[in-house]
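Structure first, then comments.
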Amino acid sequence: MRESRIPGARWDLVVYPTYANSAVSVPNVTVPSDYHPWNCDDEGKYFRYRYELLWKDMLYADVDFFCIEDETWGIRVSYQNNTERNQNCLLNFFAAEEYPQNSIYAVRCPEKSEVWNALDYDRLVYAKERPWEHLNHDAMKKGEVFIEDFTDGNGLGCSYYIMLVKQWNLKWFGGECGDTVSYKKVLNKRYENAVLNIRYKTMQDKESVSFSSRFGRILFEPSSSPAMCRIPLGKLESGDFQFTMEADGTTGNGVFLDFFAITEAEEAENVYAEKEIRNTIPQIEYQKESIKYQYNYGELPIYFTIKNKRVRNRDLYSGCLEDALITRMTNSDHTYDNLTKSFSGAFMDKHSDEGFYHANVVEAIFLPAKSRHVEYAYVSTCEEKKYTERELEKIWELRVRSSQKKDNFNNKEGNQYEFSTRLMKTAIFSNIVYPIYRHGEYIPHYTPGKRWDSLYTWDSGFIGIGMLEYSDKLAEYIMDTYLSEPDNQDFAFVAHGSLVPTQFYLFYEILQRADEKRREELKKYYPMFLRYYRYMAGKTEGSAMNRLGSGLLTVYDYFYNASGMDDYPPQKEIHYQKLEQIASPVCSNVHFIRIAKIMKRIAKLFGMNTDITEFSEDLNRVKDAFLSAAWDEESGYFGYILHHPDGRCEIFRTESGENFNKGIDGVTPLIAGICSEHQEKLLLQHLKSDRELWSCVGISTVDMSASYFYDNGYWNGSVWYPYQYLIWKSMLDIGQNTFAYKIADRALSSWKQETEFSYNTFEMIQIETERGGWFHQFSGLSSPIVTWYHAYYKRGCITTGYETWVESQRFNEDYTEAVITYEFNDKKKNTMIIVMDSDYEYQIFVNGKLMEHEEHVKGALEIRLYEEKGKIKVIKNEEIL
């Protein structure tokens, strides 16, 4: 809520339909709980969730949220009883104010004092530089660490990422001799006998951490809980005050700093931090039709209206709905109003978290057999807003119709995939989380799933690529979140998790679809991507990605996962054998070569011609080093490269000599477009072999014939969509449009099979069972599903590989005519897919010449391009003179 005095405040309304005396779970975004994102529009103004009360579709409730106007939303709950029995249903509404921290530590100081956060430094120096000197993880300030029992929930110290890069032998802040922090402050008061009070905690409970300063030695005694250190400063005049502390070093301990406070010596003991529990219990006023909630930190009042007179009110004194017993929440009788009280007294009431929910229960919703029943409610910050049920229904109908408009662009051949793709779309739009902390601010953020309320670099690019099918502006927002502002010296781009630079792939797709005016608007991102690129190249801001000295790249100094594939066999073994210091993963080089090619095209588009030489030189340097070291003729795969002290490079193998990279990473050079015809042939054989990579549900992450293939792994033994998407794009570059279609078709079919059975949007599909697995409401890396659907079934969609640039595109209103101009980035066997209205036959002319085309799907015209640039015209057969 932007009006709250507390940054990151949020008001939640949890809608929980159920039926009497049942075991239907309370809705929970982190575990399966009988509800499913079901539908949404393209603007974020309409969402539907389906609650399965009796599986499957015997008894359910569709909960629709629809925007009425700014800060006024309607709620429509439609119960459907498909059974032969009468049913007694309930409808629970839980209202709660949520803060980033429900309990905080507040600074208590004498009136005469000067206080500042430890992060408000002028200069911070680690004596031994971290590889992330200008790539601080999680969009944090340099030295910033989340610490729950510090006063602002954060402090100054050292990132916990040092535990993931043990090969660097890094120490916690204060552990390395010479670690330094400096402050420049202006004192408002003068002090006769000042003391500097520093609240801190240490990493370990043994060994003191000491610093030198102009005021003498500063000694932080070991303490894993917050403690206070006090340093005499003597007489201080008002005005400029500078303070520097330089570490003497430790054998293993380090310190985290909370805040600094200057006081007179006699008042130093009055400096402390006191725990406060934020008051989440509102003043509740029951009005004629509505309930008024007035919270405690400057929030606007909220008015909640339920269009039913049979409503009972309850209180839940907990921040966790799961603390309430389901058997109590599914019975509206007043004897059940204490929601956490056990019936037998055999166990204590649960209290998992501080907080408060106010519950409104619509009781006794009786549904006859084979019937439907609708309930209405609305919420607003405006007291004057009054709506009848009929008015709410009309507004709801408009929102539903609006959500269906763009679906009319899809050809009927794709109807079989409409439902399963719609679930994916809704997951993409629904997986938005607030608040997410980004560089001192709270933002709304599209995440892989609501289980992860954090930033994710590699997933985010694919979320954006999926979102692009529906909203150009939201796709841009997702991309922009991961780029760095010009004056930001803390990170060159937002890094969290696997450093797979998917934002470049997203930017390329946004630009491909943009018109000239829109491209000019997007030009502002070029310097941001240039900074991102140069960091990935290992050339700027302390980047360690080019530290191997061979021309090959590595990202193992930033995260344990190079490819994004957590249990990928060579990666696991690299860490087991502690080879991170000498290993160069295939994918790190492949992605860099491809983004260098992308930057070449973008530079040309924006007239940044002086940068093109840099990109060409970089990609050729990495490409030459990679091709000379990574190709394994024996297996027909590319392999991880190990660097030995004598300068020798070799491919990483198992003890028996098998290439450890027989899998999706081993064929990724196809994505970069750098393979010889011979290499391309062998890689395609692996991809198309049903004994190796071509499984019954798509491209296996690991070669099924490899000794290290595991049928019950996470990535190993499963099909995931992100690299399958990139391979699919590369097939269009090399004229493999038939196999490209097979990739998309098998993905859509396996996805359809799973979603129609479970109504879940899983992370992956397991090969052995053909079932989805792991998180059940995932969007992240599963987002390519919507891209494949649109690439073959959405009228007006144009798809190419990475070596073809779409300069302009125009379709007539009924999608029976198109004019497209294009240019090659690199001439290969470039293929384009153009989706027209499937009710007609077409002819295609390129630069005036009639060209042959294929249609694996009616209306999706696949054409091979031969001329390096040209104008394509598509017309109905009947229009040919």
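Lettering and numbering for the structure tokens are positional, with chains as A, B, ... in the shown order, residues counted from 1 in each chain, and ligands counted from 1 in the shown order.
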
If you count only C-alpha atoms, which residues fall within 12 Å of region 517-528 of chain A, apart from same-chain ones fewer than 5 positions away, as a ChimeraX atom specification?
/A:472-473,476-477,479-488,491-494,503-504,507-512,533-535,598-608,611,807-808

If you run DSSP on this backbone, which residues of region 89-178 of chain A come out as helix (DSSP H, G or I), and could you give them as a ChimeraX atom specification?
/A:137-139,160-164,166-168

Kindly save the residues from that selection, with C-alpha atoms included, as a short mmCIF file (atom, residue, chain, number, x, y, z; two decimals), in the first residue's frame.
data_model
loop_
_atom_site.label_atom_id
_atom_site.label_comp_id
_atom_site.auth_asym_id
_atom_site.auth_seq_id
_atom_site.Cartn_x
_atom_site.Cartn_y
_atom_site.Cartn_z
CA HIS A 137 24.05 -10.23 -5.52
CA ASP A 138 20.29 -9.75 -5.16
CA ALA A 139 20.37 -6.06 -6.16
CA TYR A 160 26.86 -15.08 2.37
CA TYR A 161 27.76 -15.92 -1.24
CA ILE A 162 31.36 -16.35 -0.10
CA MET A 163 30.29 -19.79 1.10
CA LEU A 164 29.43 -20.71 -2.51
CA LYS A 166 35.18 -21.41 -1.40
CA GLN A 167 37.89 -21.54 -4.06
CA TRP A 168 38.50 -17.83 -3.43
#

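Rounded to one decimal, CA of Phe775 (chain A) and CA of Pro435 (chain A) lie 21.2 Å from each other.
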
Enter the distance from CA of Ala194 (chain A) to CA of Asp240 (chain A), in Å, rounded to one decimal.
14.7 Å

Pick the closest to Ile443 (chain A) from A:Val181, A:Cys675, A:Met565, A:Ala9: which is it, counting only C-alpha atoms?
A:Ala9

Spatial neighbours of Val165 (chain A), 12 Å, only C-alpha atoms, chain gap at least 5 places, as a list in words:
Arg130, Pro131, Trp132, Ser159, Tyr160, Leu170, Lys171, Val555, Tyr556, Asp557, Tyr558, Phe559, Tyr560, Asn561, His575, Lys578, Leu579, Glu580 and Gln581 of chain A

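With only C-alpha atoms as the atoms that count, the minimum distance from Leu321 (chain A) to the choices A:Asp453, A:Asp12, A:Asp34, A:Asp70 is reached by A:Asp12.
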
I need the residue nearest Asp152 (chain A) from this list: A:Gly249, A:Gly717, A:Gly178, A:Gly440. Use only C-alpha atoms for the distance.
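Among A:Gly249, A:Gly717, A:Gly178, A:Gly440, it is A:Gly440 that comes nearest to Asp152 (chain A).
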
Near-region 780-783 of chain A list (10 Å; only C-alpha atoms; drop same-chain fewer than 4 positions) as a PyMOL selection string
chain A and resi 421+424-425+427-428+431+446-449+456+458-467+564+720-723+725+751+761-764+787-788

What lies within 12 Å of Cys382 (chain A) using only C-alpha atoms, ignoring chain neighbours under 6 positions off, as a PyMOL selection string?
chain A and resi 69-73+290+292-293+300-305

Output file for the selection above: N, CA and C atoms, as a compact mmCIF listing (two decimals), in the first residue's frame:
# COMPACT_ATOMS: atom_id res chain seq x y z
N GLU A 69 -12.61 0.21 -10.78
CA GLU A 69 -11.88 1.43 -11.10
C GLU A 69 -10.68 1.48 -10.15
N ASP A 70 -9.91 2.55 -10.24
CA ASP A 70 -8.69 2.62 -9.45
C ASP A 70 -9.00 2.40 -7.96
N GLU A 71 -8.33 1.41 -7.38
CA GLU A 71 -8.45 1.06 -5.97
C GLU A 71 -9.85 0.60 -5.56
N THR A 72 -10.60 0.09 -6.52
CA THR A 72 -11.88 -0.56 -6.24
C THR A 72 -11.96 -1.83 -7.06
N TRP A 73 -12.08 -2.97 -6.38
CA TRP A 73 -12.11 -4.28 -7.04
C TRP A 73 -13.35 -5.06 -6.63
N SER A 290 -21.09 -2.47 4.74
CA SER A 290 -19.66 -2.75 4.61
C SER A 290 -18.96 -2.78 5.96
N LYS A 292 -15.41 -1.38 7.70
CA LYS A 292 -14.34 -0.41 7.52
C LYS A 292 -13.13 -0.86 8.34
N TYR A 293 -11.99 -1.00 7.65
CA TYR A 293 -10.73 -1.34 8.31
C TYR A 293 -9.84 -0.10 8.34
N LEU A 300 -4.78 4.38 4.19
CA LEU A 300 -6.15 4.80 3.93
C LEU A 300 -7.11 3.75 4.48
N PRO A 301 -8.28 4.15 4.92
CA PRO A 301 -9.26 3.14 5.35
C PRO A 301 -9.69 2.28 4.16
N ILE A 302 -10.01 1.04 4.46
CA ILE A 302 -10.45 0.10 3.43
C ILE A 302 -11.88 -0.31 3.76
N TYR A 303 -12.73 -0.27 2.74
CA TYR A 303 -14.14 -0.61 2.90
C TYR A 303 -14.42 -1.90 2.14
N PHE A 304 -14.91 -2.88 2.88
CA PHE A 304 -15.16 -4.20 2.30
C PHE A 304 -16.65 -4.52 2.42
N THR A 305 -17.25 -4.80 1.29
CA THR A 305 -18.69 -5.04 1.24
C THR A 305 -18.97 -6.44 0.71
